[in-house]
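Data first, discussion second: the structure below is written as structure tokens.
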Protein chains: 2
Amino acid sequence: MINQAMFGLGDEPSAIRELFLYGLNRKAQIGNDKVFDFSIGNPSVPAPSEIKESLLRALEDDPVALHAYTPAGGSMQALTAAANHIKRVHSFDAKPEQVFMTAGAAEAIAICIFALTVPGDEIIVITPFFPEYRVWVEQAGCTLVTVPATQPDFQLDIEALASAINEKTSAIIINSPNNPVGSIYSEDNLKDFAEMLAAKEQELGRSLYVISDEPYREITYGEDVPWVPAIWPRTLVCASLSKSHSLPGERIGYVYVSDAMEEAREVSLAVAGAARALGYICASTLWQRVFAECVDVPSNVEPYRINREILTTNLRELGYEFVEPQGAFYLWVRALEDDAQAFSDRAKAHELLLVPSDSFGVSGWVRVSYCVSKKTIEDSKPAFAALMAEYQERS
Amino acid sequence: MINQAMFGLGDEPSAIRELFLYGLNRKAQIGNDKVFDFSIGNPSVPAPSEIKESLLRALEDDPVALHAYTPAGGSMQALTAAANHIKRVHSFDAKPEQVFMTAGAAEAIAICIFALTVPGDEIIVITPFFPEYRVWVEQAGCTLVTVPATQPDFQLDIEALASAINEKTSAIIINSPNNPVGSIYSEDNLKDFAEMLAAKEQELGRSLYVISDEPYREITYGEDVPWVPAIWPRTLVCASLSKSHSLPGERIGYVYVSDAMEEAREVSLAVAGAARALGYICASTLWQRVFAECVDVPSNVEPYRINREILTTNLRELGYEFVEPQGAFYLWVRALEDDAQAFSDRAKAHELLLVPSDSFGVSGWVRVSYCVSKKTIEDSKPAFAALMAEYQERS
């Protein structure tokens, strides 16, 4: 008598979460240092010290005001801080009323999907893609349409996207720096994308929105991450402190609705309405306060850069094929057999927890989250070597 | 091209939120002490000192572990604390795996609705009712069916409920202590309710769930609040620290799925699935930690008791009719004309912010939230007197 779709989603957690839970249990069995848990994007870098300082300052204040409801979209302090951050970093004229504070980027993306679509619409994602997109798109009654990234550089495939867009398409979700691949869409690639979107809008007579999922914007290794609202006006940016400030469990982020689009006010209100419809009241007041004080604090990318260097050096030496990451903290590694789940299972026997690519919408790869201790990266080399040897013996 | 229903929800915020925003602006204009803001359930009692102490202890810990993702349902510490709390307070054999931590009671109720229903189902609420129930029920594609509480004691009307239940009914939402009325459903009333539900299940051949929305459980003035899972097995309890611990903006609460029902595991998984489908990742890790340490800390009800005493004495003296509240911090006052909105507008002219009853599903009343300072209660008497005088002059 209950909802079977909901039961199904609860009974079969995401492959990432499942592996993460397996890892927690396995570590309890054989010890933390014996399991090479590359399953989840839980930052290994401590939150910047400014976070703790901000929390301590907040706790000196009147607790009634500190913990009170804010307006649904967020406190004026948080909204203003987000708008000023966008102005400062992107030289883009952002206004507080175009920001809506959320419980992280996940809420942000989910409410954008519900705000922009009606049941029967299509939403395009780029494979490989973050698996929860499918859950939210289907919950909104829409169809998820997948378009592969180009190979070998994992950029937007403009021609393939143009073929996939039709009169039912309401939005395209892009994610750069990309989870799971680590690619960054170049300015030229995004400009071609925008040009194609403009032509398609003309042809189809409907608006095409871009939901730009950007939790990894601050985690890059040299490349710039172009600011999408400056390239395509119908952009909604979903941002979060989860990765940049190492606060994944605290759920603080926002949607920014570019007011380069003329219907910006209507879209912002639909975002607010969707948050309300899904049971969101406001982002945590304490975390909104910390957000307002700390959004400009720079990310500490150095440990990830070091991990990336050691991991790619090791895997290259061992003969693995992978995509050189430009951002985020994931390495996209070719599985040593076609069946990524089988490969992940064999890796598990070596205590290597690698997420099979199937739930990202493609076969034959695994995602290695290198947001772990440097020691885990170093210590895992023999396990990766043994895994490779096992496959070499088989062939 | 956007979703018009979402736009509508965003464009027309709840009457409570609208009045709350009006109050914020009005206070900025004429001063905090000049506006008698009885609009919102923002607790006026400071959070217990244990909350701050717990936060300070947490901040001494490793920030990586402190702010990391927990499993979607919550940390084992938080789940165990919730289960032990239920065991201790209600002598009821609760298990951690039957608890799911949420961003407050609102998420809890929303995900219960999505977990238990399929589109086309009906959900029954008792009028007057918390207005957001309608939003969540309709978002799930269900029909909200209203059944008035009995008069004058605002209990469950068993006969009327029996008439309203049919083969499409999947759940009944009850809320005791009640917002907006302040009534508590008695043990006898709930037993009659359960007996009726059992008969209806037999008759209809389907399961009937009770969603027990209990954010005000700890705020009572002498009456006991019966533990619903001990009376009806198919109960899902939605709880929160928002009101009891004065943390409304922090969004920490839980669903407890009674395992007195045989399908408890399936229902729990559907709850987890619904949370996932709506974009919830986990409740704030820091707040889960505080929850685990502080859920047993008693509520400070005394200031509300004093406010209730002064307010009811004043309004009685001035000739207002109202329901004597047994719990929560709301006074349900008869409007001085049939049109509650018009009455609320006239009250506004006296700087009295009273929520009209229409959005609670009934006409002719207003809700007075007395979770304000004692001074606001005292200072508001002349305004209430002037409002009464205005109506007496008109008649």
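Each chain of the structure tokens is named A, B, ... in the order shown, its residues numbered from 1; ligands are numbered from 1 in display order.
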Requested in this report: Going by DSSP on the backbone, which bits of range 160-288 of chain A are alpha helix (DSSP H)? Write them as an MDAnalysis selection string, please.
Outcome: chainID A and resid 160:164 187:204 264:277 285:288
Would you mind exporting the chosen residues as a CSV table (one decimal), in the first residue's frame, restricted to N, CA and C atoms?
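And here is the file that came out, out.csv:
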chain,number,residue,atom,x,y,z
A,160,ALA,N,25.7,16.5,-31.0
A,160,ALA,CA,24.9,15.5,-30.4
A,160,ALA,C,23.8,16.1,-29.5
A,161,LEU,N,24.2,17.2,-28.8
A,161,LEU,CA,23.2,17.9,-28.0
A,161,LEU,C,22.1,18.5,-28.9
A,162,ALA,N,22.5,19.1,-30.0
A,162,ALA,CA,21.5,19.7,-31.0
A,162,ALA,C,20.6,18.7,-31.4
A,163,SER,N,21.0,17.4,-31.7
A,163,SER,CA,20.1,16.4,-32.1
A,163,SER,C,19.2,15.9,-31.0
A,164,ALA,N,19.6,16.1,-29.8
A,164,ALA,CA,18.8,15.6,-28.6
A,164,ALA,C,17.7,16.6,-28.2
A,187,GLU,N,35.8,27.8,-22.4
A,187,GLU,CA,35.0,28.9,-22.8
A,187,GLU,C,34.5,28.8,-24.2
A,188,ASP,N,35.4,28.3,-25.1
A,188,ASP,CA,35.0,28.1,-26.5
A,188,ASP,C,33.9,27.1,-26.6
A,189,ASN,N,34.0,26.0,-25.9
A,189,ASN,CA,33.0,24.9,-25.9
A,189,ASN,C,31.7,25.5,-25.5
A,190,LEU,N,31.7,26.2,-24.4
A,190,LEU,CA,30.4,26.8,-23.8
A,190,LEU,C,29.8,27.8,-24.8
A,191,LYS,N,30.7,28.6,-25.5
A,191,LYS,CA,30.2,29.6,-26.4
A,191,LYS,C,29.5,28.9,-27.6
A,192,ASP,N,30.1,27.8,-28.1
A,192,ASP,CA,29.4,27.0,-29.1
A,192,ASP,C,28.1,26.4,-28.6
A,193,PHE,N,28.1,26.0,-27.4
A,193,PHE,CA,26.9,25.5,-26.8
A,193,PHE,C,25.8,26.5,-26.8
A,194,ALA,N,26.2,27.7,-26.3
A,194,ALA,CA,25.2,28.8,-26.2
A,194,ALA,C,24.7,29.2,-27.6
A,195,GLU,N,25.5,29.2,-28.6
A,195,GLU,CA,25.1,29.5,-30.0
A,195,GLU,C,24.1,28.5,-30.5
A,196,MET,N,24.4,27.3,-30.2
A,196,MET,CA,23.5,26.2,-30.6
A,196,MET,C,22.1,26.4,-29.9
A,197,LEU,N,22.2,26.6,-28.6
A,197,LEU,CA,20.9,26.8,-27.8
A,197,LEU,C,20.1,28.0,-28.3
A,198,ALA,N,20.8,29.1,-28.7
A,198,ALA,CA,20.0,30.2,-29.2
A,198,ALA,C,19.3,29.8,-30.5
A,199,ALA,N,20.0,29.1,-31.4
A,199,ALA,CA,19.4,28.6,-32.7
A,199,ALA,C,18.2,27.7,-32.4
A,200,LYS,N,18.4,26.8,-31.4
A,200,LYS,CA,17.3,25.8,-31.1
A,200,LYS,C,16.1,26.6,-30.5
A,201,GLU,N,16.4,27.6,-29.7
A,201,GLU,CA,15.2,28.3,-29.1
A,201,GLU,C,14.4,29.0,-30.2
A,202,GLN,N,15.1,29.5,-31.2
A,202,GLN,CA,14.5,30.1,-32.4
A,202,GLN,C,13.7,29.1,-33.1
A,203,GLU,N,14.3,28.0,-33.4
A,203,GLU,CA,13.7,26.9,-34.2
A,203,GLU,C,12.4,26.3,-33.4
A,204,LEU,N,12.6,26.1,-32.1
A,204,LEU,CA,11.5,25.4,-31.4
A,204,LEU,C,10.5,26.4,-30.8
A,264,ALA,N,13.6,36.4,-15.2
A,264,ALA,CA,14.4,36.1,-14.0
A,264,ALA,C,13.5,36.0,-12.7
A,265,ARG,N,12.6,37.0,-12.6
A,265,ARG,CA,11.7,37.1,-11.4
A,265,ARG,C,10.8,35.9,-11.4
A,266,GLU,N,10.2,35.5,-12.5
A,266,GLU,CA,9.3,34.4,-12.5
A,266,GLU,C,10.0,33.1,-12.2
A,267,VAL,N,11.2,33.0,-12.7
A,267,VAL,CA,12.0,31.7,-12.4
A,267,VAL,C,12.4,31.7,-11.0
A,268,SER,N,12.8,32.8,-10.4
A,268,SER,CA,13.2,32.9,-9.0
A,268,SER,C,12.0,32.5,-8.1
A,269,LEU,N,10.8,33.0,-8.5
A,269,LEU,CA,9.6,32.6,-7.7
A,269,LEU,C,9.3,31.1,-7.8
A,270,ALA,N,9.5,30.6,-9.0
A,270,ALA,CA,9.2,29.1,-9.2
A,270,ALA,C,10.2,28.3,-8.4
A,271,VAL,N,11.5,28.8,-8.3
A,271,VAL,CA,12.5,28.1,-7.4
A,271,VAL,C,12.0,28.1,-6.0
A,272,ALA,N,11.5,29.3,-5.5
A,272,ALA,CA,11.0,29.4,-4.1
A,272,ALA,C,9.8,28.5,-4.0
A,273,GLY,N,8.9,28.4,-5.0
A,273,GLY,CA,7.7,27.6,-4.9
A,273,GLY,C,8.1,26.1,-4.8
A,274,ALA,N,9.1,25.7,-5.6
A,274,ALA,CA,9.5,24.3,-5.6
A,274,ALA,C,10.1,23.9,-4.3
A,275,ALA,N,10.9,24.8,-3.7
A,275,ALA,CA,11.5,24.5,-2.4
A,275,ALA,C,10.4,24.3,-1.4
A,276,ARG,N,9.4,25.1,-1.5
A,276,ARG,CA,8.2,25.0,-0.5
A,276,ARG,C,7.5,23.7,-0.8
A,277,ALA,N,7.3,23.3,-2.0
A,277,ALA,CA,6.5,22.1,-2.4
A,277,ALA,C,7.2,20.8,-1.9
A,285,THR,N,20.0,28.2,9.8
A,285,THR,CA,20.3,29.5,10.1
A,285,THR,C,21.7,29.7,10.5
A,286,LEU,N,22.2,28.8,11.3
A,286,LEU,CA,23.6,28.9,11.8
A,286,LEU,C,24.6,28.8,10.6
A,287,TRP,N,24.3,27.9,9.7
A,287,TRP,CA,25.1,27.7,8.5
A,287,TRP,C,25.0,28.8,7.5
A,288,GLN,N,23.8,29.5,7.4
A,288,GLN,CA,23.7,30.6,6.6
A,288,GLN,C,24.6,31.8,7.1
Requested in this report: Skip range 106-116 of chain B itself and residues of its chain fewer than 3 positions away, then list as a PyMOL selection string all residues within 9 Å of it, counting only C-alpha atoms.
Outcome: (chain A and resi 1-7+277-281) or (chain B and resi 100-103+123+132-133+136-137+139-140+170-171+173+209+211-213+236-240+251+253-255+267-275+277-278+280)
Emit the selected residues as a PDB file, in the first residue's frame, including C-alpha atoms.
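Listed below is the output, part.pdb:
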ATOM      1  CA  MET A   1       0.000   0.000   0.000  1.00  0.00           C
ATOM      2  CA  ILE A   2       3.041   2.264   0.170  1.00  0.00           C
ATOM      3  CA  ASN A   3       4.658   3.965  -2.799  1.00  0.00           C
ATOM      4  CA  GLN A   4       6.675   1.278  -4.564  1.00  0.00           C
ATOM      5  CA  ALA A   5       8.869   3.762  -6.437  1.00  0.00           C
ATOM      6  CA  MET A   6       9.915   5.332  -3.140  1.00  0.00           C
ATOM      7  CA  PHE A   7      10.441   1.891  -1.635  1.00  0.00           C
ATOM      8  CA  ALA A 277       6.527  22.105  -2.359  1.00  0.00           C
ATOM      9  CA  LEU A 278       9.338  19.694  -1.447  1.00  0.00           C
ATOM     10  CA  GLY A 279       9.253  20.465   2.290  1.00  0.00           C
ATOM     11  CA  TYR A 280      12.202  22.844   2.573  1.00  0.00           C
ATOM     12  CA  ILE A 281      11.665  25.600   5.165  1.00  0.00           C
TER      13      ILE A 281
ATOM     14  CA  PHE B 100      15.334   8.630   9.888  1.00  0.00           C
ATOM     15  CA  MET B 101      16.909  12.004  10.699  1.00  0.00           C
ATOM     16  CA  THR B 102      15.439  14.941   8.788  1.00  0.00           C
ATOM     17  CA  ALA B 103      15.785  18.671   8.260  1.00  0.00           C
ATOM     18  CA  ILE B 123      -4.943  12.289   2.789  1.00  0.00           C
ATOM     19  CA  GLU B 132       1.689  23.592   4.381  1.00  0.00           C
ATOM     20  CA  TYR B 133       0.060  20.139   4.651  1.00  0.00           C
ATOM     21  CA  TRP B 136       2.887  18.734   0.283  1.00  0.00           C
ATOM     22  CA  VAL B 137      -0.206  16.584  -0.247  1.00  0.00           C
ATOM     23  CA  GLN B 139       2.700  18.040  -4.666  1.00  0.00           C
ATOM     24  CA  ALA B 140       2.464  14.274  -4.146  1.00  0.00           C
ATOM     25  CA  SER B 170      -3.876   6.338   2.557  1.00  0.00           C
ATOM     26  CA  ALA B 171      -3.156   8.415   5.641  1.00  0.00           C
ATOM     27  CA  ILE B 173      -2.291  13.573   9.519  1.00  0.00           C
ATOM     28  CA  TYR B 209      -1.446   5.164   8.206  1.00  0.00           C
ATOM     29  CA  ILE B 211       1.269  10.638  10.351  1.00  0.00           C
ATOM     30  CA  SER B 212       1.609  12.110  13.821  1.00  0.00           C
ATOM     31  CA  ASP B 213       3.098  15.590  13.545  1.00  0.00           C
ATOM     32  CA  LEU B 236       4.816   7.496  11.673  1.00  0.00           C
ATOM     33  CA  VAL B 237       5.892  10.117  14.213  1.00  0.00           C
ATOM     34  CA  CYS B 238       7.378  13.369  12.906  1.00  0.00           C
ATOM     35  CA  ALA B 239       9.446  15.142  15.543  1.00  0.00           C
ATOM     36  CA  SER B 240      11.750  18.119  15.723  1.00  0.00           C
ATOM     37  CA  ARG B 251      16.220  22.190  10.750  1.00  0.00           C
ATOM     38  CA  GLY B 253      14.213  16.445  13.462  1.00  0.00           C
ATOM     39  CA  TYR B 254      13.281  12.895  12.543  1.00  0.00           C
ATOM     40  CA  VAL B 255      10.693  10.398  11.390  1.00  0.00           C
ATOM     41  CA  VAL B 267       7.807   1.788   5.171  1.00  0.00           C
ATOM     42  CA  SER B 268      11.216   2.868   6.501  1.00  0.00           C
ATOM     43  CA  LEU B 269      12.795   2.179   3.136  1.00  0.00           C
ATOM     44  CA  ALA B 270      10.047   4.143   1.391  1.00  0.00           C
ATOM     45  CA  VAL B 271      10.754   7.049   3.757  1.00  0.00           C
ATOM     46  CA  ALA B 272      14.446   6.856   2.814  1.00  0.00           C
ATOM     47  CA  GLY B 273      13.502   6.674  -0.852  1.00  0.00           C
ATOM     48  CA  ALA B 274      11.217   9.688  -0.621  1.00  0.00           C
ATOM     49  CA  ALA B 275      13.937  11.749   1.082  1.00  0.00           C
ATOM     50  CA  ALA B 277      13.716  11.643  -4.431  1.00  0.00           C
ATOM     51  CA  LEU B 278      13.152  15.121  -2.990  1.00  0.00           C
ATOM     52  CA  TYR B 280      17.642  15.492   0.751  1.00  0.00           C
TER      53      TYR B 280
END
Query raised in the report: Out of range 319-383 of chain B, which residues get strand (DSSP E or B) from DSSP, as a count of residues only?
Result: 17
Report task. With a distance cut-off of 9 Å and only C-alpha atoms, select the neighbouring residues of Val35 in chain B, excluding the residue or stretch itself and same-chain residues fewer than 6 positions from it, and output the selection as JSON, numbers by chain. Result -> {"B": [23, 26, 27, 350, 351, 352, 353, 376, 380]}
Report task. Find the residues near range 316-319 of chain A: any atom within 10 Å, counting only C-alpha atoms, skip ones fewer than 6 places away on the same chain, and give them as an MDAnalysis selection string. Result -> chainID A and resid 310 381:382 384:389
Query raised in the report: Quick one: residues within 10 Å of Asp296 in chain B, only C-alpha atoms counted, chain neighbours fewer than 5 positions away excluded, as a VMD selection string?
Result: chain B and resid 81 to 82 84 to 86 88 to 89 291
Requested in this report: Would you please work out which residue, of B:Glu50, B:Asp33, B:Glu167, B:Glu250, is nearest to chain A when using only C-alpha atoms?
Outcome: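 Checking each candidate against chain A, we get B:Glu250 as the closest.
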Query raised in the report: How far is it from CA of Ser183 in chain A to CA of Val323 in chain A, in Å with one decimal?
Result: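 One can read the CA of Ser183 in chain A to CA of Val323 in chain A distance as 8.3 Å.
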Could you build a table of the residues in range 28-110 of chain B lying no more than 10 Å from range 58-71 of chain A, giving for each the nearest pair of atoms and their separation in Å rounded to one decimal place, using only C-alpha atoms, ordered by chain and ascending residue number, as a tab-separated table?
residue	atom	partner	partner_atom	distance
B:Ile40	CA	A:Tyr69	CA	9.2
B:Gly41	CA	A:Tyr69	CA	8.9
B:Asn42	CA	A:Ala68	CA	6.0
B:Pro43	CA	A:Val64	CA	7.3
B:Ser44	CA	A:Val64	CA	6.3
B:Val45	CA	A:Val64	CA	6.8
B:Pro46	CA	A:Val64	CA	5.0
B:Ala47	CA	A:Pro63	CA	6.2
B:Pro48	CA	A:Pro63	CA	9.0
B:Ser49	CA	A:Pro63	CA	9.3
B:Ile51	CA	A:Pro63	CA	9.6
B:Lys52	CA	A:Leu59	CA	6.8
B:Glu53	CA	A:Leu59	CA	9.6
B:Leu55	CA	A:Leu59	CA	8.4
B:Leu56	CA	A:Leu59	CA	8.4
Query - Shell around range 125-129 of chain B at 7 Å using only C-alpha atoms, local window under 2 positions removed, as number ranges by chain - result: B: 123, 131, 145-149, 172-174, 179-180, 360-362
Same residues, C-alpha atoms, saved as a compact mmCIF listing (two decimals), in the first residue's frame:
# COMPACT_ATOMS: atom_id res chain seq x y z
CA ILE B 123 -4.94 12.29 2.79
CA PRO B 131 -1.46 25.17 5.86
CA VAL B 145 -9.62 15.88 2.49
CA THR B 146 -10.57 18.02 5.48
CA VAL B 147 -12.51 16.84 8.50
CA PRO B 148 -13.40 19.45 11.14
CA ALA B 149 -12.33 18.89 14.74
CA ILE B 172 -4.53 10.78 8.25
CA ILE B 173 -2.29 13.57 9.52
CA ILE B 174 -2.86 14.44 13.16
CA ASN B 179 -1.16 24.15 15.73
CA PRO B 180 -3.17 26.44 15.51
CA PHE B 360 -5.89 26.92 8.20
CA GLY B 361 -9.01 25.82 6.34
CA VAL B 362 -11.70 27.58 8.39
